[in-house]
Structures are given as C-alpha cells and as structure tokens.
>>> print(open('start.txt').read())   # compact mmCIF, C-alpha atoms and all ligand atoms
# COMPACT_ATOMS: atom_id res chain seq x y z
CA MET U 1 3.11 30.89 186.51
CA LYS U 2 5.93 32.48 188.48
CA VAL U 3 5.73 32.08 192.25
CA LEU U 4 7.88 33.62 194.99
CA VAL U 5 8.18 31.43 198.08
CA THR U 6 9.54 33.29 201.10
CA GLY U 7 11.01 30.89 203.65
CA GLY U 8 11.46 28.30 200.88
CA ALA U 9 14.65 26.95 202.49
CA GLY U 10 12.73 26.11 205.66
CA PHE U 11 10.82 23.03 206.72
CA ILE U 12 7.36 23.75 205.30
CA GLY U 13 8.57 26.12 202.58
CA SER U 14 10.81 23.46 201.03
CA HIS U 15 7.83 21.10 200.73
CA VAL U 16 5.75 23.89 199.18
CA VAL U 17 8.54 24.42 196.64
CA ASP U 18 8.61 20.67 195.85
CA LYS U 19 4.87 20.75 195.16
CA LEU U 20 5.06 23.86 192.96
CA ILE U 21 7.91 22.44 190.88
CA GLN U 22 6.03 19.17 190.52
CA GLU U 23 3.14 21.27 189.15
CA ASN U 24 5.50 22.96 186.65
CA CYS U 25 5.56 26.41 188.27
CA GLU U 26 8.55 28.71 187.94
CA VAL U 27 9.77 29.13 191.53
CA VAL U 28 11.93 31.79 193.17
CA ILE U 29 12.91 31.24 196.82
CA LEU U 30 13.67 34.20 199.08
CA ASP U 31 15.22 33.23 202.41
CA ASN U 32 17.82 34.69 204.78
CA LEU U 33 18.82 31.17 205.94
CA SER U 34 18.34 32.16 209.60
CA THR U 35 16.70 28.79 210.32
CA GLY U 36 16.45 27.47 206.76
CA LEU U 37 19.11 25.27 205.23
CA GLN U 38 21.03 25.45 201.98
CA GLU U 39 20.48 21.70 201.50
CA ASN U 40 16.67 22.25 201.50
CA ILE U 41 16.85 24.51 198.45
CA HIS U 42 15.39 22.80 195.39
CA LYS U 43 17.83 22.71 192.46
CA ALA U 44 15.12 23.70 189.98
CA ALA U 45 14.30 26.90 191.90
CA THR U 46 16.10 30.25 191.78
CA PHE U 47 17.46 31.16 195.19
CA ILE U 48 17.82 34.69 196.51
CA GLN U 49 19.39 35.14 199.93
CA MET U 50 17.62 38.17 201.31
CA ASP U 51 15.77 39.25 204.43
CA ILE U 52 12.04 39.96 204.05
CA ARG U 53 12.73 43.31 205.80
CA SER U 54 15.30 44.31 203.19
CA ASN U 55 14.97 47.69 201.47
CA GLN U 56 15.98 45.94 198.23
CA LEU U 57 12.80 43.86 198.25
CA LEU U 58 10.78 46.18 196.00
CA GLU U 59 13.55 46.25 193.41
CA LEU U 60 13.56 42.45 193.40
CA PHE U 61 9.77 42.28 192.94
CA ALA U 62 9.87 44.91 190.17
CA GLY U 63 12.53 42.96 188.29
CA GLU U 64 11.07 39.47 188.72
CA LYS U 65 7.34 40.28 188.24
CA PHE U 66 5.91 37.46 190.33
CA ASP U 67 2.37 36.26 189.62
CA TYR U 68 1.91 34.84 193.12
CA VAL U 69 3.64 35.05 196.48
CA ILE U 70 3.55 32.30 199.11
CA HIS U 71 4.80 33.95 202.28
CA LEU U 72 6.16 31.56 204.90
CA ALA U 73 9.29 33.33 206.17
CA ALA U 74 8.81 34.15 209.84
CA GLN U 75 10.03 34.00 213.38
CA THR U 76 8.20 30.75 214.24
CA MET U 77 8.94 30.08 217.91
CA VAL U 78 6.32 30.77 220.59
CA HIS U 79 8.87 30.91 223.42
CA LYS U 80 11.18 33.24 221.48
CA SER U 81 8.25 35.60 220.87
CA LEU U 82 7.75 35.78 224.64
CA GLU U 83 11.45 36.39 225.29
CA MET U 84 11.96 38.84 222.39
CA PRO U 85 8.59 40.36 221.40
CA ASP U 86 10.35 43.22 219.57
CA TYR U 87 12.22 40.77 217.32
CA ASP U 88 9.05 38.73 216.68
CA CYS U 89 7.22 41.95 215.77
CA ASP U 90 10.02 43.13 213.51
CA VAL U 91 10.30 39.93 211.46
CA ASN U 92 6.67 38.85 211.44
CA ILE U 93 4.83 42.18 211.20
CA SER U 94 7.31 44.64 209.62
CA GLY U 95 8.65 41.89 207.34
CA THR U 96 5.14 41.01 206.17
CA VAL U 97 4.24 44.67 205.58
CA ASN U 98 7.38 45.00 203.46
CA ILE U 99 6.21 41.98 201.40
CA LEU U 100 2.69 43.41 201.11
CA GLU U 101 3.96 46.78 199.88
CA ALA U 102 6.06 45.04 197.23
CA CYS U 103 3.04 42.91 196.18
CA ARG U 104 0.82 45.98 195.89
CA LYS U 105 3.33 48.05 193.94
CA THR U 106 4.11 45.27 191.44
CA ASN U 107 0.57 43.94 190.93
CA VAL U 108 1.04 40.47 192.39
CA LYS U 109 -2.18 38.53 191.73
CA ARG U 110 -2.49 36.88 195.14
CA ILE U 111 -0.56 36.30 198.33
CA VAL U 112 -0.91 33.10 200.37
CA PHE U 113 0.08 33.67 203.99
CA SER U 114 1.16 31.06 206.54
CA SER U 115 -0.81 31.72 209.71
CA THR U 116 -1.34 29.49 212.71
CA ALA U 117 -3.78 27.97 215.19
CA ALA U 118 -1.95 30.12 217.77
CA VAL U 119 -4.18 33.05 216.69
CA TYR U 120 -7.07 31.45 218.59
CA GLY U 121 -5.50 30.99 222.02
CA ASN U 122 -7.38 28.79 224.49
CA VAL U 123 -10.89 28.13 223.19
CA GLU U 124 -13.87 26.60 224.93
CA SER U 125 -15.37 24.50 222.16
CA LEU U 126 -13.63 22.23 219.70
CA PRO U 127 -13.10 21.90 216.80
CA VAL U 128 -12.13 25.54 216.37
CA MET U 129 -13.89 27.25 213.47
CA GLU U 130 -12.43 30.12 211.44
CA ALA U 131 -15.10 32.37 212.94
CA SER U 132 -14.18 31.39 216.53
CA SER U 133 -12.89 34.23 218.70
CA THR U 134 -9.20 35.04 218.50
CA ALA U 135 -7.29 35.68 221.74
CA PRO U 136 -3.63 34.73 221.24
CA THR U 137 -1.68 33.76 224.36
CA SER U 138 1.73 34.52 222.79
CA PHE U 139 3.25 37.41 220.83
CA TYR U 140 3.81 34.92 218.00
CA GLY U 141 0.05 34.30 217.78
CA LEU U 142 -0.56 38.04 218.03
CA SER U 143 1.93 38.88 215.28
CA LYS U 144 0.34 36.33 212.94
CA LEU U 145 -3.16 37.65 213.70
CA THR U 146 -1.96 41.20 213.08
CA CYS U 147 -0.60 40.11 209.70
CA GLU U 148 -4.00 38.62 208.82
CA ASN U 149 -5.54 42.03 209.62
CA TYR U 150 -2.99 43.75 207.39
CA LEU U 151 -3.88 41.32 204.59
CA ALA U 152 -7.57 42.13 205.02
CA LEU U 153 -6.92 45.89 204.86
CA TYR U 154 -4.62 45.60 201.83
CA ASN U 155 -7.43 43.66 200.18
CA GLN U 156 -10.01 46.29 201.12
CA LEU U 157 -7.86 49.31 200.17
CA TYR U 158 -5.98 48.01 197.13
CA GLY U 159 -7.77 44.83 196.04
CA LEU U 160 -4.73 42.62 196.73
CA GLU U 161 -6.13 39.07 196.82
CA TYR U 162 -5.07 36.92 199.74
CA VAL U 163 -5.55 33.61 201.44
CA ALA U 164 -4.41 33.09 205.04
CA LEU U 165 -3.93 29.47 206.05
CA ARG U 166 -4.07 28.77 209.78
CA TYR U 167 -2.04 25.62 210.20
CA ALA U 168 -2.44 23.16 213.02
CA ASN U 169 0.79 21.50 214.24
CA VAL U 170 2.80 20.53 211.20
CA TYR U 171 5.25 17.62 211.13
CA GLY U 172 7.28 15.76 208.52
CA GLU U 173 10.62 15.32 206.86
CA ARG U 174 13.17 18.19 207.20
CA GLN U 175 11.53 19.48 210.37
CA GLY U 176 13.78 21.32 212.83
CA ASP U 177 13.32 21.27 216.59
CA GLY U 178 12.31 24.89 217.05
CA GLY U 179 8.96 25.57 215.37
CA GLU U 180 5.42 24.89 216.53
CA GLY U 181 5.21 21.23 215.57
CA GLY U 182 8.85 20.64 216.58
CA VAL U 183 7.79 18.25 219.33
CA ILE U 184 7.79 15.33 216.86
CA SER U 185 11.34 15.94 215.66
CA ILE U 186 12.51 16.40 219.27
CA PHE U 187 10.81 13.15 220.35
CA THR U 188 12.21 11.31 217.30
CA ARG U 189 15.78 12.17 218.24
CA LYS U 190 15.26 11.28 221.90
CA ILE U 191 13.55 7.96 221.11
CA HIS U 192 16.21 7.03 218.56
CA GLN U 193 18.95 7.69 221.12
CA ASP U 194 17.03 5.73 223.82
CA GLU U 195 16.77 8.89 225.95
CA PRO U 196 13.66 9.82 227.97
CA VAL U 197 11.22 12.26 226.34
CA VAL U 198 10.30 15.33 228.38
CA ILE U 199 6.61 16.25 228.42
CA PHE U 200 5.51 19.74 229.49
CA GLY U 201 2.45 19.06 231.68
CA ASP U 202 0.76 15.67 232.16
CA GLY U 203 0.68 14.75 228.46
CA SER U 204 -3.10 15.01 228.22
CA GLN U 205 -2.81 18.25 226.25
CA THR U 206 -3.89 17.68 222.66
CA ARG U 207 -2.76 18.87 219.26
CA ASP U 208 -3.97 18.45 215.71
CA PHE U 209 -0.91 17.07 213.91
CA ILE U 210 -0.89 17.50 210.14
CA TYR U 211 1.63 16.14 207.67
CA VAL U 212 3.70 18.72 205.80
CA GLY U 213 2.80 17.31 202.37
CA ASP U 214 -0.85 18.12 203.14
CA ILE U 215 0.20 21.69 204.01
CA ALA U 216 2.06 21.98 200.70
CA SER U 217 -1.00 20.89 198.72
CA ALA U 218 -3.19 23.38 200.65
CA ASN U 219 -0.81 26.18 199.62
CA TYR U 220 -0.92 25.07 196.01
CA GLN U 221 -4.72 24.83 196.02
CA SER U 222 -4.88 28.36 197.47
CA LEU U 223 -3.14 29.94 194.50
CA ALA U 224 -5.84 29.81 191.91
CA THR U 225 -8.97 28.42 193.54
CA ILE U 226 -12.04 30.60 193.27
CA HIS U 227 -13.27 30.92 196.81
CA GLY U 228 -15.57 32.85 199.07
CA ASN U 229 -13.36 33.04 202.12
CA HIS U 230 -9.93 34.43 202.85
CA VAL U 231 -9.03 32.52 206.00
CA TYR U 232 -8.85 28.74 206.26
CA ASN U 233 -7.88 26.27 208.94
CA ILE U 234 -5.56 23.61 207.54
CA SER U 235 -5.80 20.63 209.83
CA THR U 236 -6.79 17.00 210.17
CA GLN U 237 -9.66 17.87 212.53
CA THR U 238 -8.40 15.12 214.86
CA GLU U 239 -7.21 15.59 218.45
CA THR U 240 -4.16 13.60 219.53
CA SER U 241 -2.81 13.83 223.08
CA VAL U 242 0.92 14.09 223.61
CA ASN U 243 0.75 10.78 225.52
CA MET U 244 -0.96 9.14 222.52
CA LEU U 245 1.58 10.65 220.15
CA ILE U 246 4.41 9.09 222.16
CA GLU U 247 2.66 5.72 222.07
CA TYR U 248 2.42 5.93 218.25
CA MET U 249 6.04 7.00 217.99
CA GLY U 250 7.12 4.09 220.18
CA LYS U 251 5.27 1.75 217.81
CA VAL U 252 6.92 3.31 214.77
CA ALA U 253 10.36 3.04 216.39
CA GLY U 254 9.69 -0.41 217.84
CA LYS U 255 10.78 0.83 221.29
CA VAL U 256 9.40 1.35 224.80
CA VAL U 257 9.64 5.08 225.46
CA THR U 258 10.55 6.51 228.88
CA LYS U 259 8.55 9.64 229.72
CA VAL U 260 9.56 12.45 232.10
CA TYR U 261 6.91 14.99 233.07
CA GLY U 262 7.80 18.68 233.64
CA PRO U 263 5.84 21.93 234.21
CA LEU U 264 3.60 23.41 231.50
CA ARG U 265 5.18 26.19 229.41
CA ASP U 266 3.92 29.80 229.29
CA GLY U 267 1.89 30.61 226.21
CA ASP U 268 1.18 26.99 225.26
CA ILE U 269 -2.38 26.13 224.28
CA TYR U 270 -3.94 23.26 226.26
CA LYS U 271 -6.24 21.63 223.72
CA SER U 272 -6.37 22.07 219.99
CA THR U 273 -8.13 20.73 216.95
CA LEU U 274 -9.33 22.81 214.04
CA SER U 275 -12.32 22.34 211.78
CA ASN U 276 -11.20 21.88 208.18
CA ALA U 277 -14.68 21.94 206.62
CA ALA U 278 -14.19 25.31 204.88
CA ALA U 279 -10.90 24.28 203.24
CA ARG U 280 -12.41 20.99 202.11
CA GLN U 281 -15.31 22.81 200.54
CA ASN U 282 -13.66 25.91 199.04
CA LEU U 283 -10.09 24.87 198.31
CA SER U 284 -10.95 21.38 196.96
CA TRP U 285 -8.43 20.14 199.49
CA SER U 286 -8.35 17.46 202.13
CA PRO U 287 -5.58 15.95 204.26
CA CYS U 288 -4.39 12.60 202.90
CA MET U 289 -1.68 11.30 205.24
CA PRO U 290 -2.72 9.09 208.21
CA LEU U 291 -0.79 10.07 211.37
CA ILE U 292 0.91 6.71 211.87
CA ASP U 293 2.20 6.68 208.26
CA GLY U 294 3.37 10.29 208.47
CA LEU U 295 5.15 9.55 211.76
CA ALA U 296 6.91 6.56 210.19
CA ARG U 297 8.13 8.70 207.27
CA THR U 298 9.26 11.43 209.64
CA TYR U 299 10.98 9.07 212.05
CA ASN U 300 12.87 7.28 209.27
CA SER U 301 13.96 10.54 207.63
CA LEU U 302 15.21 12.19 210.83
CA ILE U 303 17.19 9.33 212.39
N1 LIG V 401 5.72 24.21 211.81
C1 LIG V 401 4.47 24.41 212.25
O1 LIG V 401 3.88 23.55 212.91
C2 LIG V 401 3.75 25.67 211.88
C3 LIG V 401 2.43 25.83 212.36
C4 LIG V 401 1.74 26.99 212.04
C5 LIG V 401 2.32 27.94 211.23
N2 LIG V 401 3.59 27.77 210.79
C6 LIG V 401 4.15 28.82 209.93
O2 LIG V 401 4.65 28.23 208.75
C7 LIG V 401 5.76 29.00 208.26
C8 LIG V 401 6.97 28.13 208.03
O3 LIG V 401 7.36 27.55 209.27
P1 LIG V 401 8.42 26.36 209.40
O4 LIG V 401 7.93 25.49 210.48
O5 LIG V 401 8.70 25.81 208.05
O6 LIG V 401 9.68 27.16 209.97
P2 LIG V 401 11.20 27.26 209.43
O7 LIG V 401 11.96 27.99 210.47
O8 LIG V 401 11.69 25.92 209.01
O9 LIG V 401 11.02 28.15 208.13
C9 LIG V 401 11.05 29.54 208.15
C10 LIG V 401 11.95 30.00 207.02
O10 LIG V 401 11.91 31.40 206.94
C11 LIG V 401 13.25 31.90 206.86
N3 LIG V 401 13.28 33.22 207.48
C12 LIG V 401 13.06 33.52 208.78
N4 LIG V 401 13.15 34.83 208.98
C13 LIG V 401 13.41 35.39 207.78
C14 LIG V 401 13.60 36.72 207.32
N5 LIG V 401 13.57 37.75 208.17
N6 LIG V 401 13.83 36.93 206.00
C15 LIG V 401 13.89 35.89 205.14
N7 LIG V 401 13.73 34.62 205.50
C16 LIG V 401 13.48 34.37 206.81
C17 LIG V 401 14.11 30.89 207.61
O11 LIG V 401 15.47 30.92 207.24
C18 LIG V 401 13.42 29.59 207.23
O12 LIG V 401 13.95 29.05 206.03
C19 LIG V 401 6.00 30.11 209.30
O13 LIG V 401 5.35 31.27 208.85
C20 LIG V 401 5.31 29.55 210.54
O14 LIG V 401 4.92 30.59 211.40
C21 LIG V 401 4.32 26.66 211.10
>>> encode(input="start.txt", output="structure tokens", more="lines below")
Ligand SMILES: NC(=O)c1ccc[n+]([C@@H]2O[C@H](COP(=O)([O-])OP(=O)(O)OC[C@H]3O[C@@H](n4cnc5c(N)ncnc54)[C@H](O)[C@@H]3O)[C@@H](O)[C@H]2O)c1
Amino acid sequence: MKVLVTGGAGFIGSHVVDKLIQENCEVVILDNLSTGLQENIHKAATFIQMDIRSNQLLELFAGEKFDYVIHLAAQTMVHKSLEMPDYDCDVNISGTVNILEACRKTNVKRIVFSSTAAVYGNVESLPVMEASSTAPTSFYGLSKLTCENYLALYNQLYGLEYVALRYANVYGERQGDGGEGGVISIFTRKIHQDEPVVIFGDGSQTRDFIYVGDIASANYQSLATIHGNHVYNISTQTETSVNMLIEYMGKVAGKVVTKVYGPLRDGDIYKSTLSNAAARQNLSWSPCMPLIDGLARTYNSLI
C-alpha cells in the first residue's frame, strides 16, 4: 500500500516512516522542512518538499494516488499558538483542509490525523476519556480540535474514513526542543551539560509521557484496523510529575540534577493522563516501552 506521511521529516513523522517501511509500505514524505530535518528523511522513502497549504497539493495527490494519508505536519508549539494564533490557524486548520480536499478528490481510503491531549484543556477527573469534555486552553489545542471536527464532517458528507489520535506527551530519539513533549530533550541537554533544569511551576504538574515508537505503531495500527470509533487517546495511562521525571533522568544520566523553579506558563495544562482503553481494544495496540528504558534511549541518542 502507498502511504503519504506529511511531516515525515519531523520527530514523530520520521518514526512513523520507519515503521511503515519496516512493514513494507511504499512511503512518500511531504514536508516543508520548517522544523523537520533532511537527515531524518528515510532513504527508502520518496521525499517531496512542499507546504501542506500549497496549491500544487491536489496535483501531487492526483499523480501519486495514495491509498492512505498519515497527517502529522503542523505548527506544534503551544506558546507559538498564543503569540501567533493566525499562523497556527493557517498551518493547522487551512493546511489540514487543503489535505482533506485532496484526499476527498482523489479517493484516499483513510486519513490518520495527529491530534493531542491539548484538546481537553484542564479536566477534573483523570484519566481523561475520549468522551470527556473538550475545552482547549491554547489556540494550538483549539486548532487541533477544529481539525477533528473537519474530519468528522468530511466523513459525514463524503464518507472519507478517518482516525484521529490524541497523543499524550511524546518523547524519544530525534526529538527537538520545541514541541509538546520537548521538555525531555531540553532536560537531557541541560543535564548532560551539568546545567540546572528550569521547571515552570513547582514540578508537581503531571504528564503522561509516551515513547515515540509506541506512537508510530499506533499510527500503523490505525491504517487498516476495523474499528467502531474515530478518536483515540494514545497514551501510557500513567501520570508522571515533572519532579519525578527529573529524578528518573538523573538516574539515567548518573548525575545529581540541580532544579530551578520559575512561574507557570500560560496555556499549560496542570495535570494530564489519558485513558488508553479504547485504543487497546479497537486498534489492537498497547504501549510497550517502560519510561525508564525510553528515557535511557532518548538520553543516549541526544547527548
Ligand atoms: N511531540 C508531541 O509530544 C506531540 C503531542 C501531541 C501531538 N503531536 C502532534 O504530532 C505531530 C508531529 O509533531 P512532532 O512533535 O513530530 O513535531 P515536528 O515539528 O518534529 O514535526 C512536524 C513536521 O511537520 C513539518 N511541517 C510543519 N509545518 C508544515 C507545513 N506547513 N507544510 C509541510 N510540512 C510542515 C515540519 O517541517 C516537521 O517536519 C504534530 O501534528 C503535533 O501537533 C505531537
């Protein structure tokens, strides 16, 4: 099967491409290299340098006839969405609509969309279920939620099949500093250079950290699985505080870490862990990588 991966030169996208190639798929990567890197591009994939908002997108889809699209390309930074909501909207919403139109017009079988836990905002009860209320606290969360609504309407109006995967905080090899789970790559560099790590808040805020290889397998499982739902949390269903994370990272690095506490950031969620029961049941998927092992891999790859 022929799969287009948008954002395939990025952190998560490059791991998705690895998985697809391992499973003998024909892979085309579309990326504008705004945050993605040439060195992340798999040699067995075809690379097209293009923006998802390009007016040449339809022509590309018509020529290539993709079976499936895995859409990861996005503006991924919460703080940037607050500083430049128009840019976030343009890339994440208009870019996704451009992809959806091309899918519809060229009969793509299914689109798998990278969404986020940021669609939920601050929630009262954990773990967060897919049916929990959505109240994003950033324009990034709002743009991703809006895309999910576009996917639902494209499905209703045109029958375009879709799966939206709401990732928890992703970490792993090739991670940059900017995205949602970027805290681990930032801490890795600081700890390696024996510099203090800066914590926004008192460090008791929690996240659900999931290894990027587990995200790649969730994307692969979403391509062909027969399922009842469209929207899945992809998580470990485990809460880890930032203080605990730093303790683990110190262990991995074999160092005592100096912590500096600063003010909380606007738009950040205080506590987060997502239920993964639906994905386990319907996508025949489960996370495999223990946090300490994933942190060791990440630390050793980034230093
Ligand atoms: N990293 C996380 O913890 C996390 C959590 C939840 C959701 N996500 C989502 O997963 C996806 C991948 O994120 P990532 O962390 O790998 O980020 P990333 O920045 O490494 O990857 C994004 C890729 O998209 C490309 N891109 C950006 N804008 C583009 C455009 N207009 N046209 C074409 N290509 C464009 C970039 O060059 C990059 O290669 C994003 O949709 C993000 O919102 C990430």
>>> atom_distance(input="start.txt", atom1="CA of Val112 in chain U", atom2="CA of Ser272 in chain U")
23.2 Å
>>> closest_atom_pairs(input="start.txt", of="range 111-138 of chain U", to="range 274-281 of chain U", cutoff="8 Å", atoms="all atoms listed in the file", output="CSV")
residue,atom,partner,partner_atom,distance
U:Ala117,CA,U:Leu274,CA,7.7
U:Leu126,CA,U:Leu274,CA,7.1
U:Pro127,CA,U:Leu274,CA,4.8
U:Val128,CA,U:Leu274,CA,4.6
U:Met129,CA,U:Ser275,CA,5.4
U:Glu130,CA,U:Ser275,CA,7.8
>>> residues_near_ligand(input="start.txt", ligand="ligand LIG 401 (chain V)", cutoff="8 Å", atoms="all atoms listed in the file", output="number ranges by chain")
U: 6-14, 30-37, 49-53, 71-77, 91-92, 95, 113-118, 140, 144, 166-171, 175-176, 178-182
>>> write_last_selection(input="start.txt", atoms="C-alpha atoms", output="tab-separated table (two decimals), in the frame of the given file")
chain	number	residue	atom	x	y	z
U	6	THR	CA	9.54	33.29	201.10
U	7	GLY	CA	11.01	30.89	203.65
U	8	GLY	CA	11.46	28.30	200.88
U	9	ALA	CA	14.65	26.95	202.49
U	10	GLY	CA	12.73	26.11	205.66
U	11	PHE	CA	10.82	23.03	206.72
U	12	ILE	CA	7.36	23.75	205.30
U	13	GLY	CA	8.57	26.12	202.58
U	14	SER	CA	10.81	23.46	201.03
U	30	LEU	CA	13.67	34.20	199.08
U	31	ASP	CA	15.22	33.23	202.41
U	32	ASN	CA	17.82	34.69	204.78
U	33	LEU	CA	18.82	31.17	205.94
U	34	SER	CA	18.34	32.16	209.60
U	35	THR	CA	16.70	28.79	210.32
U	36	GLY	CA	16.45	27.47	206.76
U	37	LEU	CA	19.11	25.27	205.23
U	49	GLN	CA	19.39	35.14	199.93
U	50	MET	CA	17.62	38.17	201.31
U	51	ASP	CA	15.77	39.25	204.43
U	52	ILE	CA	12.04	39.96	204.05
U	53	ARG	CA	12.73	43.31	205.80
U	71	HIS	CA	4.80	33.95	202.28
U	72	LEU	CA	6.16	31.56	204.90
U	73	ALA	CA	9.29	33.33	206.17
U	74	ALA	CA	8.81	34.15	209.84
U	75	GLN	CA	10.03	34.00	213.38
U	76	THR	CA	8.20	30.75	214.24
U	77	MET	CA	8.94	30.08	217.91
U	91	VAL	CA	10.30	39.93	211.46
U	92	ASN	CA	6.67	38.85	211.44
U	95	GLY	CA	8.65	41.89	207.34
U	113	PHE	CA	0.08	33.67	203.99
U	114	SER	CA	1.16	31.06	206.54
U	115	SER	CA	-0.81	31.72	209.71
U	116	THR	CA	-1.34	29.49	212.71
U	117	ALA	CA	-3.78	27.97	215.19
U	118	ALA	CA	-1.95	30.12	217.77
U	140	TYR	CA	3.81	34.92	218.00
U	144	LYS	CA	0.34	36.33	212.94
U	166	ARG	CA	-4.07	28.77	209.78
U	167	TYR	CA	-2.04	25.62	210.20
U	168	ALA	CA	-2.44	23.16	213.02
U	169	ASN	CA	0.79	21.50	214.24
U	170	VAL	CA	2.80	20.53	211.20
U	171	TYR	CA	5.25	17.62	211.13
U	175	GLN	CA	11.53	19.48	210.37
U	176	GLY	CA	13.78	21.32	212.83
U	178	GLY	CA	12.31	24.89	217.05
U	179	GLY	CA	8.96	25.57	215.37
U	180	GLU	CA	5.42	24.89	216.53
U	181	GLY	CA	5.21	21.23	215.57
U	182	GLY	CA	8.85	20.64	216.58
>>> closest_residue(input="start.txt", among="U:Tyr120, U:Tyr158, U:Phe209, U:Tyr68", to="Lys105 in chain U", atoms="all atoms listed in the file")
U:Tyr158
>>> atom_distance(input="start.txt", atom1="CA of Val78 in chain U", atom2="CA of Ser301 in chain U")
25.2 Å
>>> atom_distance(input="start.txt", atom1="CA of Lys255 in chain U", atom2="CA of Phe200 in chain U")
21.3 Å
>>> residues_around(input="start.txt", residues="Asn155 in chain U", least_positions_apart="6", cutoff="10 Å", atoms="only C-alpha atoms", output="PyMOL selection string")
chain U and resi 104+110+149+161-162+230
>>> decode(input="start.txt", residues="range 68-82 of chain U", atoms="N, CA, C and O atoms", output="PDB file, in the first residue's frame")
ATOM      1  N   TYR U  68      -3.414   5.716   1.553  1.00  0.00           N
ATOM      2  CA  TYR U  68      -3.631   6.255   2.901  1.00  0.00           C
ATOM      3  C   TYR U  68      -2.792   7.512   3.099  1.00  0.00           C
ATOM      4  O   TYR U  68      -1.731   7.655   2.487  1.00  0.00           O
ATOM      5  N   VAL U  69      -3.290   8.374   3.981  1.00  0.00           N
ATOM      6  CA  VAL U  69      -2.521   9.566   4.363  1.00  0.00           C
ATOM      7  C   VAL U  69      -2.388   9.580   5.887  1.00  0.00           C
ATOM      8  O   VAL U  69      -3.382   9.413   6.610  1.00  0.00           O
ATOM      9  N   ILE U  70      -1.151   9.743   6.354  1.00  0.00           N
ATOM     10  CA  ILE U  70      -0.916   9.965   7.785  1.00  0.00           C
ATOM     11  C   ILE U  70      -0.460  11.414   7.917  1.00  0.00           C
ATOM     12  O   ILE U  70       0.605  11.786   7.421  1.00  0.00           O
ATOM     13  N   HIS U  71      -1.309  12.229   8.527  1.00  0.00           N
ATOM     14  CA  HIS U  71      -1.101  13.681   8.512  1.00  0.00           C
ATOM     15  C   HIS U  71      -0.564  14.159   9.856  1.00  0.00           C
ATOM     16  O   HIS U  71      -1.317  14.277  10.843  1.00  0.00           O
ATOM     17  N   LEU U  72       0.756  14.436   9.867  1.00  0.00           N
ATOM     18  CA  LEU U  72       1.399  14.925  11.093  1.00  0.00           C
ATOM     19  C   LEU U  72       1.883  16.365  10.989  1.00  0.00           C
ATOM     20  O   LEU U  72       2.151  16.998  12.014  1.00  0.00           O
ATOM     21  N   ALA U  73       2.070  16.863   9.764  1.00  0.00           N
ATOM     22  CA  ALA U  73       2.648  18.212   9.595  1.00  0.00           C
ATOM     23  C   ALA U  73       1.775  19.238  10.319  1.00  0.00           C
ATOM     24  O   ALA U  73       0.550  19.263  10.137  1.00  0.00           O
ATOM     25  N   ALA U  74       2.410  20.061  11.119  1.00  0.00           N
ATOM     26  CA  ALA U  74       1.652  21.049  11.897  1.00  0.00           C
ATOM     27  C   ALA U  74       2.577  22.066  12.527  1.00  0.00           C
ATOM     28  O   ALA U  74       3.778  21.846  12.635  1.00  0.00           O
ATOM     29  N   GLN U  75       1.963  23.147  12.973  1.00  0.00           N
ATOM     30  CA  GLN U  75       2.587  24.064  13.921  1.00  0.00           C
ATOM     31  C   GLN U  75       2.343  23.393  15.276  1.00  0.00           C
ATOM     32  O   GLN U  75       1.198  23.197  15.673  1.00  0.00           O
ATOM     33  N   THR U  76       3.406  23.029  16.008  1.00  0.00           N
ATOM     34  CA  THR U  76       3.218  22.137  17.158  1.00  0.00           C
ATOM     35  C   THR U  76       3.432  22.820  18.512  1.00  0.00           C
ATOM     36  O   THR U  76       3.371  22.150  19.535  1.00  0.00           O
ATOM     37  N   MET U  77       3.714  24.113  18.503  1.00  0.00           N
ATOM     38  CA  MET U  77       4.109  24.748  19.768  1.00  0.00           C
ATOM     39  C   MET U  77       2.968  25.538  20.416  1.00  0.00           C
ATOM     40  O   MET U  77       2.428  26.463  19.803  1.00  0.00           O
ATOM     41  N   VAL U  78       2.652  25.169  21.658  1.00  0.00           N
ATOM     42  CA  VAL U  78       1.571  25.834  22.401  1.00  0.00           C
ATOM     43  C   VAL U  78       1.850  27.333  22.520  1.00  0.00           C
ATOM     44  O   VAL U  78       0.998  28.164  22.207  1.00  0.00           O
ATOM     45  N   HIS U  79       3.074  27.685  22.937  1.00  0.00           N
ATOM     46  CA  HIS U  79       3.371  29.105  23.175  1.00  0.00           C
ATOM     47  C   HIS U  79       3.330  29.899  21.870  1.00  0.00           C
ATOM     48  O   HIS U  79       2.866  31.030  21.841  1.00  0.00           O
ATOM     49  N   LYS U  80       3.770  29.284  20.772  1.00  0.00           N
ATOM     50  CA  LYS U  80       3.728  29.994  19.483  1.00  0.00           C
ATOM     51  C   LYS U  80       2.277  30.243  19.049  1.00  0.00           C
ATOM     52  O   LYS U  80       1.954  31.281  18.463  1.00  0.00           O
ATOM     53  N   SER U  81       1.403  29.275  19.376  1.00  0.00           N
ATOM     54  CA  SER U  81      -0.015  29.457  19.013  1.00  0.00           C
ATOM     55  C   SER U  81      -0.620  30.633  19.773  1.00  0.00           C
ATOM     56  O   SER U  81      -1.534  31.295  19.279  1.00  0.00           O
ATOM     57  N   LEU U  82      -0.117  30.884  20.979  1.00  0.00           N
ATOM     58  CA  LEU U  82      -0.626  32.018  21.764  1.00  0.00           C
ATOM     59  C   LEU U  82      -0.057  33.338  21.247  1.00  0.00           C
ATOM     60  O   LEU U  82      -0.743  34.359  21.257  1.00  0.00           O
TER      61      LEU U  82
END
